[in-house]
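Following: one structure in structure tokens, then a few remarks.
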Amino acid sequence: MSFFDLKGTLKPLTALKQFGRKPHTLKDVPYVTREAADRYRGFHYNDLEQCIGCGNCATICQNQAIDMVPVEGIEGKKGDSGLRPRVDNGRCCWCGLCVDVCPTGSLSLTKDYLYVSEDPNSFLWMPGVDNPQGKERISFFSTEETSLNDFARIPMPELEGMERVKSFAEVVLGYNEEQARAEASRCISCGLCTEACPEHMHIPEYINAIARANDADAVRIIYDNNPLPEMCGKVCTRRCEDVCAIAHRGEPIAIRWLKRYATETVDNADLIKEIVNPEIKEPNGFKVGIVGAGPSGLTVAYYLALRGFDCTIYEAHAKAGGMTMYGIPKYRFPEESLDKQIEYIEKVGVKINFNTKVGKDISFREIYDTHDAVFVGVGFPKPWTLGVEGENLKGSIQAVNFLYEINNGKRVDLGDKVIVIGGGNVAIDAARVSRRLGADVTILYRRRVQDMPADWEEIEGAEEEGVHIVPQAIPVKFHGDEKGHVISVEYVMAEMVPDERGGRPKPVPIEGSNKTIEATAVLGAIGQQGDYSFLEEEFAEKIKIERGRFVVNEIQQTSDPKIFAGGDAANRTADAISAIADGYRAVKGIEAMLVKKDEGNVD
Amino acid sequence: MREKATTLYFGPQHPGITGNMMVRLKVEGDTIVKATAEVGYLHRAFEKLMEERNWLQSFTLLCRFCVPEPDPVEESYARAVEMLEGREVPERAKYIRVMVLELARIGAFLFWYGAQASSLGLHTVGQWSIGDRNYVLDLFEALTGARIYHMYIWPGGVRRDFPEGFEEQVIKTMDYLEKRLNDYDDLLFESAIFQKRAKGIGIINKEKAIEWGVVGPPLRGCGIRHDMRIDDPYEVYDKLDFIVPTGENGDIWSRAQVRRQEIRQSIRIVRQVIDKIPKGEYYNKIPNPQKWTLPKGDAYAHTEAARGEVGFFVASDGVSTHPRRAHERGAAYVHAITLLEDLLVGANIADVSEIMFSLGTCPPEVER
């Protein structure tokens with residue numbers, strides 16, 4: 001290379017060929033805002049209707065750019081926290097992880113990226129509230145395909161439909177360890193389930209323990225406010241799953257099956273005691289009498305016993321559990337599973353007097369006088385009758401009584417054509433049990449299948465087992481033979497008429513649509529009611545009962561301050577978990593009434 | 001007469017520095033007798049932060065390891081996590097990843113064009129190349145939704161599939177860039193100024209380079225063909241046809257020549273990807289990130305970035321949802337400290353930024 005390089009000096013001058021050309025990258029800036037790409041990650045937009053305030057966006061954000069705040073006009077309800085995300089655009093880095101983890105898909109990013117303000121606080125935005133125009137500008141959003149949520153539930157292994165009807169073997173086989181871990185890993189820990197659970201169980205916490213392979217921890221967390229978790233793990237009505245955030249675009253987390261998994265890892269009462277290792281306080285001298293060893297009574301007894309109370313349960317039957325023992329068929333809830341839990345409850349010091357019917361073997365007055373507080377959890381043992389002609393024929397049985405006999409190990413001869421009337425869990429249970437006794441079963445229900453109060457999984461299970469469901473059918477008459485035995489049921493078809501007051505549609509009979517179906521037995525299952533004949537007159541007068549239920553305050557106290565009530569006899573939801581919740585509230589109420597009053601620090 | 005040595009602080013606020021770092025120079029006249037790299041202006045404790053975040057949340061930090069070329073870090077992290085978990089990546093995702101990596105390389109080289117030329121006062125090249133890099137950023141914007149911090153390659157594949165009409169847009173941009181590269185040849189490589197200032201300056205000793213772990217164009221400029229895409233092919237590089245250019249003298253000129261040829265190879269690779277990319281899945285979905293744990297163990301994956309080999313080491317305790325340890329082996333660490341300090345001794349003050357840019361240093365990567 002010579003000192004003067006002519007080529008090297010002239011070549012760069014070829015740049016002059018660009019002289020006079022217009023700029024080619026950003027032509028119109030600053031007069032025109034450049035339109036962003038179709039997938040641009042700009043400012044947030046939130047569909048307020050779709051959003052359930054689960055807060056998963058705030059959880060994933062590592063810049064703490066998102067917090068959840070209340071919005072005017074949006075009320076919290078079951079399955080919706082009532083909160084909505086607020087974004088600090090000074091912290092946001094527009095990674096879009098919040099969008100990809102949003103279970104409902106309500107959160108998205110828009111094409112907008114310019115915002116100028118002198119007020120630093122105005123960079124705090126409520127997406128969707130402060131930028132409603134963002135709806136038209138959505139560019140980065142999640143679909144079921146791109147979402148980071150796991151929408152598919154791990155299928156529960158079950159017995160084959162026709163295999164099931166051969167015996168009373170448990171239908172649901174339960175998750176194995178690997179399946180449970182995988183299912184638990186789907187949970188986003190939003191806690192909407194906790195709010196929906198009547199008992200407010202610590203659901204995200206125990207699911208997290210299962211996901212982290214710490215089953216013993218899960219069991220401890222579960223026992224914190226539920227003394228019958230294995231029962232709930234098998235037969236709970238699981239309001240938690242109805243509100244699961246994942247259910248909005250997928251299948252809810254199998255919360256019930258996960259609880260079942262955790263509790264089934266502990267196979268005897270001694271082991272439960274070892275794992276839960278409850279702190280049992282020194283006896284405090286107070287005596288509490290409990291009428292009925294159903295879920296609510298057992299809950300009261302267990303938690304009061306832990307708190308040092310002397311608890312005695314008076315149970316009319318030979319076994320504890322109430323309806324869960326005598327009402328729920330064994331293929332759903334095996335007896336040994338219940339026994340294990342009752343044994344554990346007895347181990348913490350609860351006394352249960354079996355075969356002691358209050359009002360007959362012991363008077364309510366005596367219990368009332370000899371205890372510092374009384375809890376009444378007697379349930380709804382008495383079935384409603386249909387009120388149609390021929391209901392008293394032979395072969396027309398109440399489903400509750402039928403289930404009681406079967407669960408007691410007795411034989412009941414139904415013949416080969418069973419008609420079940422009703423659409424609740426008792427009706428489905430009766431139908432499925434009848435199938436197991438070898439009968440052809442038809443359910444007559446006055447509304448549509450989707451209106452059935454029974455658990456949808458139970459309805460599906462019944463159909464898989466060959467139960468025939470006739471919806472919109474109202475029985476009008478049972479026909480009998482000369483021996484007074486039922487031979488057929490006459491029913492009339494109904495049409496659904498919308499309720500003017502906004503309630504659920506009403507079935508109205510269609511005239512002339514009468515049909516008759518052959519029957520060897522009819523099982524009525526249209527609901528139950530309370531039986532308070534054990535109360536002496538003075539109590540019956542003093543305690544306020546409305547529409548068949550005890551009137552209680554927020555601590556389950558009746559109009560007699562010493563008497564508390566819970567379970568079906570006090571709540572309208574009539575399921576085990578609500579009974580447990582009642583019991584747990586009563587525990588706090590009784591403790592506050594007796595101990596804290598004693599200490600003189602009642603607030 | 002021997003002159004008294006003076007201390008000169010080069011940076012951290014200096015246009016001739018590749019980012020927020022400083023070089024303390026001891027000069028006699030305008031000859032450097034000692035250089036000390038001073039870092040610490042940019043420390044954000046990324047690796048420590050990653051230990052507090054779950055495996056997915058970490059991924060938003062990765063692109064910030066090296067701003068001009070973020071994708072190789074994303075890719076090496078994703079691949080290390082996949083190796084640890086044994087997660088399969090769909091074939092299409094692998095092709096998309098290669099395309100993203102090569103587009104990032106092209107963008108980084110264009111950036112380098114501008115920086116290298118500007119360090120010599122040839123500002124026209126810088127203005128052009130940054131403008132042209134914008135077209136590459138347009139592609140990123142269309143594909144990933146962001147121009148700089150893509151956050152696109154994540155464990156299991158890539159975040160989204162090609163948008164509609166993306167292939168055509170890529171080809172159009174590649175055609176344009178290929179034509180444009182000739183202009184850069186005229187303006188930079190043919191320029192007498194560049195030739196005189198680059199040849200024989202900042203010579204890297206081959207043995208020292210190997211000993212210190214120098215990688216990328218600085219090593220290839222010494223004549224050593226070392227490239228992870230060939231030596232340890234990852235994704236689908238073994239199915240693509242390209243060459244790895246090398247230089248001879250280990251000086252700034254050789255490194256520039258390596259980059260000049262490599263950008264053409266990258267365009268070639270991008271075209272092959274467009275031709276060969278199969279249809280199908282682009283993402284093997286990871287479990288719920290909040291509860292995602294990886295098996296106990298560790299994994300290391302390395303990727304060839306424009307500045308050299310970058311590697312990611314991750315270790316999991318098998319129980320928690322976040323890394324027990326996450327560590328990035330960046331090319332810049334050696335280049336910006338050990339190598340730079342060595343090369344600057346005996347150099348002219350005017351050559352400091354020129355040498356620095358030729359090494360492809362990236363201070364955020366030094367201070368992880």
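Here, A, B, ... name the chains of the structure tokens in the order displayed, residue numbers run from 1 inside each chain, and ligands are numbered from 1 in the same displayed order.
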Checklist entry - Taking only C-alpha atoms into account, what are the residues of chain A at most 6 Å from chain B, put as a PyMOL selection string? => result chain A and resi 8-9+11-12+37+39-41+149-150+185-186
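Omitting B:Glu354 and its sequence neighbours fewer than 2 positions away, and counting only C-alpha atoms, the residues within 8 Å are Gly16, Gln116, Ser119, Leu120, Ala350, Asp351, Val352, Met356, Phe357 and Ser358 of chain B.
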Dump N, CA and C atoms for the selected residues as an mmCIF file, in the first residue's frame?
```cif
data_model
loop_
_atom_site.group_PDB
_atom_site.id
_atom_site.type_symbol
_atom_site.label_atom_id
_atom_site.label_comp_id
_atom_site.auth_asym_id
_atom_site.auth_seq_id
_atom_site.Cartn_x
_atom_site.Cartn_y
_atom_site.Cartn_z
ATOM 1 N N GLY B 16 -16.865 6.564 22.661
ATOM 2 C CA GLY B 16 -15.977 5.538 22.119
ATOM 3 C C GLY B 16 -15.933 4.285 22.954
ATOM 4 N N GLN B 116 -17.761 0.551 14.642
ATOM 5 C CA GLN B 116 -16.362 0.482 14.207
ATOM 6 C C GLN B 116 -16.018 1.688 13.338
ATOM 7 N N SER B 119 -15.919 4.950 15.249
ATOM 8 C CA SER B 119 -14.733 5.114 16.096
ATOM 9 C C SER B 119 -13.586 5.729 15.306
ATOM 10 N N LEU B 120 -13.709 5.700 13.975
ATOM 11 C CA LEU B 120 -12.680 6.310 13.118
ATOM 12 C C LEU B 120 -13.171 7.621 12.523
ATOM 13 N N ALA B 350 -5.770 7.173 20.401
ATOM 14 C CA ALA B 350 -6.796 7.256 19.364
ATOM 15 C C ALA B 350 -7.321 5.882 18.949
ATOM 16 N N ASP B 351 -6.537 4.844 19.273
ATOM 17 C CA ASP B 351 -6.952 3.500 18.847
ATOM 18 C C ASP B 351 -7.800 2.774 19.894
ATOM 19 N N VAL B 352 -7.964 3.377 21.052
ATOM 20 C CA VAL B 352 -8.638 2.642 22.143
ATOM 21 C C VAL B 352 -10.043 2.187 21.736
ATOM 22 N N MET B 356 -11.472 -1.562 20.992
ATOM 23 C CA MET B 356 -12.578 -2.046 21.809
ATOM 24 C C MET B 356 -13.752 -2.524 20.951
ATOM 25 N N PHE B 357 -14.117 -1.745 19.966
ATOM 26 C CA PHE B 357 -15.240 -2.141 19.111
ATOM 27 C C PHE B 357 -14.910 -3.387 18.299
ATOM 28 N N SER B 358 -13.631 -3.521 17.942
ATOM 29 C CA SER B 358 -13.276 -4.672 17.117
ATOM 30 C C SER B 358 -13.368 -5.973 17.910
#
```
Checklist entry - Suppose you want the space between atom CA of B:Gly29 and atom CA of B:Leu359; what is it in Å? => result 24.8 Å
Checklist entry - Nearest to B:Phe65: which of B:Gly311, B:Pro323, B:Gly86, B:Gly107 is it, counting only C-alpha atoms? => result B:Gly311
Next on the checklist: With only C-alpha atoms as the counted atoms, please give the residues lying no more than 12 Å from stretch 256-258 of chain B, apart from itself and same-chain residues fewer than 3 positions off, as a PyMOL selection string.
Outcome noted: chain B and resi 109-110+112-113+115-117+184-185+188-190+194-195+197-199+201-202+216-225+243-253+261-265+306-307+354-355+357-360
Just C-alpha atoms for this one: save the residues we selected as a compact mmCIF listing (two decimals), in the first residue's frame.
```txt
# COMPACT_ATOMS: atom_id res chain seq x y z
CA PHE B 109 -22.93 -6.93 12.73
CA LEU B 110 -24.73 -3.95 11.27
CA TRP B 112 -20.79 -3.16 14.71
CA TYR B 113 -20.36 -1.61 11.24
CA ALA B 115 -19.63 1.52 15.81
CA GLN B 116 -16.36 0.48 14.21
CA ALA B 117 -16.65 3.12 11.51
CA TYR B 184 -20.64 -0.79 3.00
CA ASP B 185 -17.72 -2.42 1.21
CA LEU B 188 -15.72 1.06 4.89
CA PHE B 189 -13.61 -1.78 3.63
CA GLU B 190 -12.34 0.03 0.56
CA PHE B 194 -10.01 2.19 7.58
CA GLN B 195 -7.31 0.19 5.89
CA ARG B 197 -6.06 2.38 10.81
CA ALA B 198 -6.99 -1.29 10.95
CA LYS B 199 -4.14 -3.21 9.45
CA ILE B 201 -3.33 -2.59 14.89
CA GLY B 202 -4.60 -4.52 17.92
CA GLY B 216 -15.77 -15.41 18.14
CA PRO B 217 -14.39 -13.09 15.44
CA PRO B 218 -11.33 -12.09 17.53
CA LEU B 219 -10.26 -15.76 17.66
CA ARG B 220 -11.23 -16.51 14.07
CA GLY B 221 -9.32 -13.40 13.04
CA CYS B 222 -6.21 -15.20 14.27
CA GLY B 223 -6.89 -18.01 11.83
CA ILE B 224 -8.49 -20.47 14.22
CA ARG B 225 -11.74 -21.91 12.90
CA ILE B 243 -18.86 -21.64 5.89
CA VAL B 244 -17.04 -20.11 8.81
CA PRO B 245 -14.60 -17.49 7.52
CA THR B 246 -11.27 -16.90 9.25
CA GLY B 247 -8.59 -14.21 9.07
CA GLU B 248 -4.84 -14.44 9.26
CA ASN B 249 -3.12 -11.72 11.18
CA GLY B 250 -5.26 -11.32 14.26
CA ASP B 251 -5.47 -7.56 13.79
CA ILE B 252 -8.48 -5.29 13.56
CA TRP B 253 -8.57 -5.71 9.82
CA GLN B 261 -17.93 -12.37 5.28
CA GLU B 262 -19.98 -13.77 8.12
CA ILE B 263 -22.89 -11.41 7.59
CA ARG B 264 -23.21 -12.79 4.06
CA GLN B 265 -23.18 -16.33 5.44
CA ALA B 306 -21.90 -12.46 16.92
CA ARG B 307 -19.46 -11.56 19.70
CA GLU B 354 -11.32 1.21 17.65
CA ILE B 355 -9.73 -1.78 19.37
CA PHE B 357 -15.24 -2.14 19.11
CA SER B 358 -13.28 -4.67 17.12
CA LEU B 359 -13.44 -7.10 20.05
CA GLY B 360 -17.21 -7.07 20.24
```
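On the backbone of this structure, DSSP gives alpha helix (DSSP H) within stretch 255-337 of chain B to Arg255, Ala256, Gln257, Val258, Arg259, Arg260, Gln261, Glu262, Ile263, Arg264, Gln265, Ser266, Ile267, Arg268, Ile269, Val270, Arg271, Gln272, Val273, Ile274, Asp275, Lys276, Ala331, Ala332 and Tyr333 of chain B.
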Checklist entry - For the atom pair atom CA of B:Glu328 and atom CA of B:Glu75, what is the interatomic distance in Å to one decimal place? => result 11.8 Å
Which polymer residues have any atom within 8 Å of an atom of A:Ile221, counting only C-alpha atoms, with same-chain residues fewer than 4 positions away left out, as a PDB file with C-alpha atoms, in the first residue's frame?
```pdb
ATOM      1  CA  HIS A 202     -56.523 -23.854  52.535  1.00  0.00           C
ATOM      2  CA  GLU A 205     -51.555 -24.393  50.171  1.00  0.00           C
ATOM      3  CA  TYR A 206     -52.248 -28.098  50.273  1.00  0.00           C
ATOM      4  CA  ASP A 217     -47.591 -31.342  54.883  1.00  0.00           C
TER       5      ASP A 217
END
```
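Counting only C-alpha atoms, the residue from A:Glu75, A:Asp531, A:Glu482, A:Asp242 that sits nearest to A:Gly377 is A:Asp531.
Checking A:Tyr303, A:Phe478, A:Tyr491, A:Tyr445 one by one against A:Ala581, counting only C-alpha atoms, you find the shortest gap at A:Tyr303.
Using only C-alpha atoms, the contacts of A:Arg365 at a cut-off of 10 Å, with sequence neighbours closer than 4 positions omitted, comprise Val358, Gly359, Asp369, Thr370, Phe534, Leu535, Glu536, Glu538 and Phe539 of chain A.
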Pull C-alpha atoms from the residues just selected and write them as a compact mmCIF listing (two decimals), in the first residue's frame.
```txt
# COMPACT_ATOMS: atom_id res chain seq x y z
CA VAL A 358 -81.95 -38.38 72.22
CA GLY A 359 -85.56 -38.13 73.32
CA ASP A 369 -78.54 -29.52 82.12
CA THR A 370 -75.35 -31.53 82.34
CA PHE A 534 -86.71 -35.04 70.54
CA LEU A 535 -87.02 -31.46 71.79
CA GLU A 536 -89.13 -31.09 74.90
CA GLU A 538 -90.17 -25.88 76.54
CA PHE A 539 -87.26 -26.04 74.10
```
Next on the checklist: If we count only C-alpha atoms and set the cut-off at 10 Å, which residues sit around B:Gly11, ignoring sequence neighbours fewer than 3 positions away in its own chain? Please answer as a PyMOL selection string.
Outcome noted: chain B and resi 8+14-24+38
Spatial neighbours of B:Gly213, max dist 9 Å, only C-alpha atoms, sep filter under 5 positions, as a short mmCIF file (atom, residue, chain, number, x, y, z; two decimals) with N, CA and C atoms, in the first residue's frame:
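Written output follows (part-v6.cif):
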```
data_model
loop_
_atom_site.label_atom_id
_atom_site.label_comp_id
_atom_site.auth_asym_id
_atom_site.auth_seq_id
_atom_site.Cartn_x
_atom_site.Cartn_y
_atom_site.Cartn_z
N LYS B 208 -1.91 -16.73 23.19
CA LYS B 208 -2.58 -16.08 24.32
C LYS B 208 -4.10 -16.17 24.17
N LEU B 219 -11.03 -14.51 17.76
CA LEU B 219 -10.26 -15.76 17.66
C LEU B 219 -10.15 -16.19 16.20
N ALA B 331 -18.90 -14.05 26.11
CA ALA B 331 -17.67 -13.76 25.37
C ALA B 331 -17.05 -12.47 25.87
N VAL B 334 -14.00 -12.03 28.82
CA VAL B 334 -12.58 -12.13 28.45
C VAL B 334 -12.18 -10.95 27.57
N HIS B 335 -13.04 -10.66 26.60
CA HIS B 335 -12.68 -9.66 25.59
C HIS B 335 -12.54 -8.27 26.20
#
```
Checklist entry - Could you pull out the strand (DSSP E or B) residues of stretch 100-267 of chain B from DSSP and send them as number ranges by chain? => result B: 153-154, 157-158
Selection file, N, CA and C atoms, as a compact mmCIF listing (two decimals), in the first residue's frame:
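Result file is result.txt:
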```txt
# COMPACT_ATOMS: atom_id res chain seq x y z
N ILE B 153 -37.52 -16.70 22.42
CA ILE B 153 -37.11 -18.11 22.52
C ILE B 153 -37.21 -18.51 23.98
N TRP B 154 -38.10 -19.44 24.25
CA TRP B 154 -38.22 -19.89 25.65
C TRP B 154 -38.24 -21.41 25.70
N GLY B 157 -39.52 -24.29 23.01
CA GLY B 157 -39.66 -23.89 21.61
C GLY B 157 -39.59 -22.39 21.48
N VAL B 158 -40.52 -21.83 20.74
CA VAL B 158 -40.61 -20.38 20.62
C VAL B 158 -42.02 -19.95 21.01
```
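Taking atom CA of A:Val470 as the reference point, atom CA of A:Glu458 is found at 15.8 Å.
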Checklist entry - Which residue, A:Gln528, A:Thr14, A:Thr104, A:Ser139, has the smallest gap to A:Ala247 when you use only C-alpha atoms? => result A:Thr104
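Ranking B:Ala93, B:Val73, B:Val136, B:Val81 by their shortest atom-to-atom distance to B:Ala108, with only C-alpha atoms included, puts B:Val136 first.
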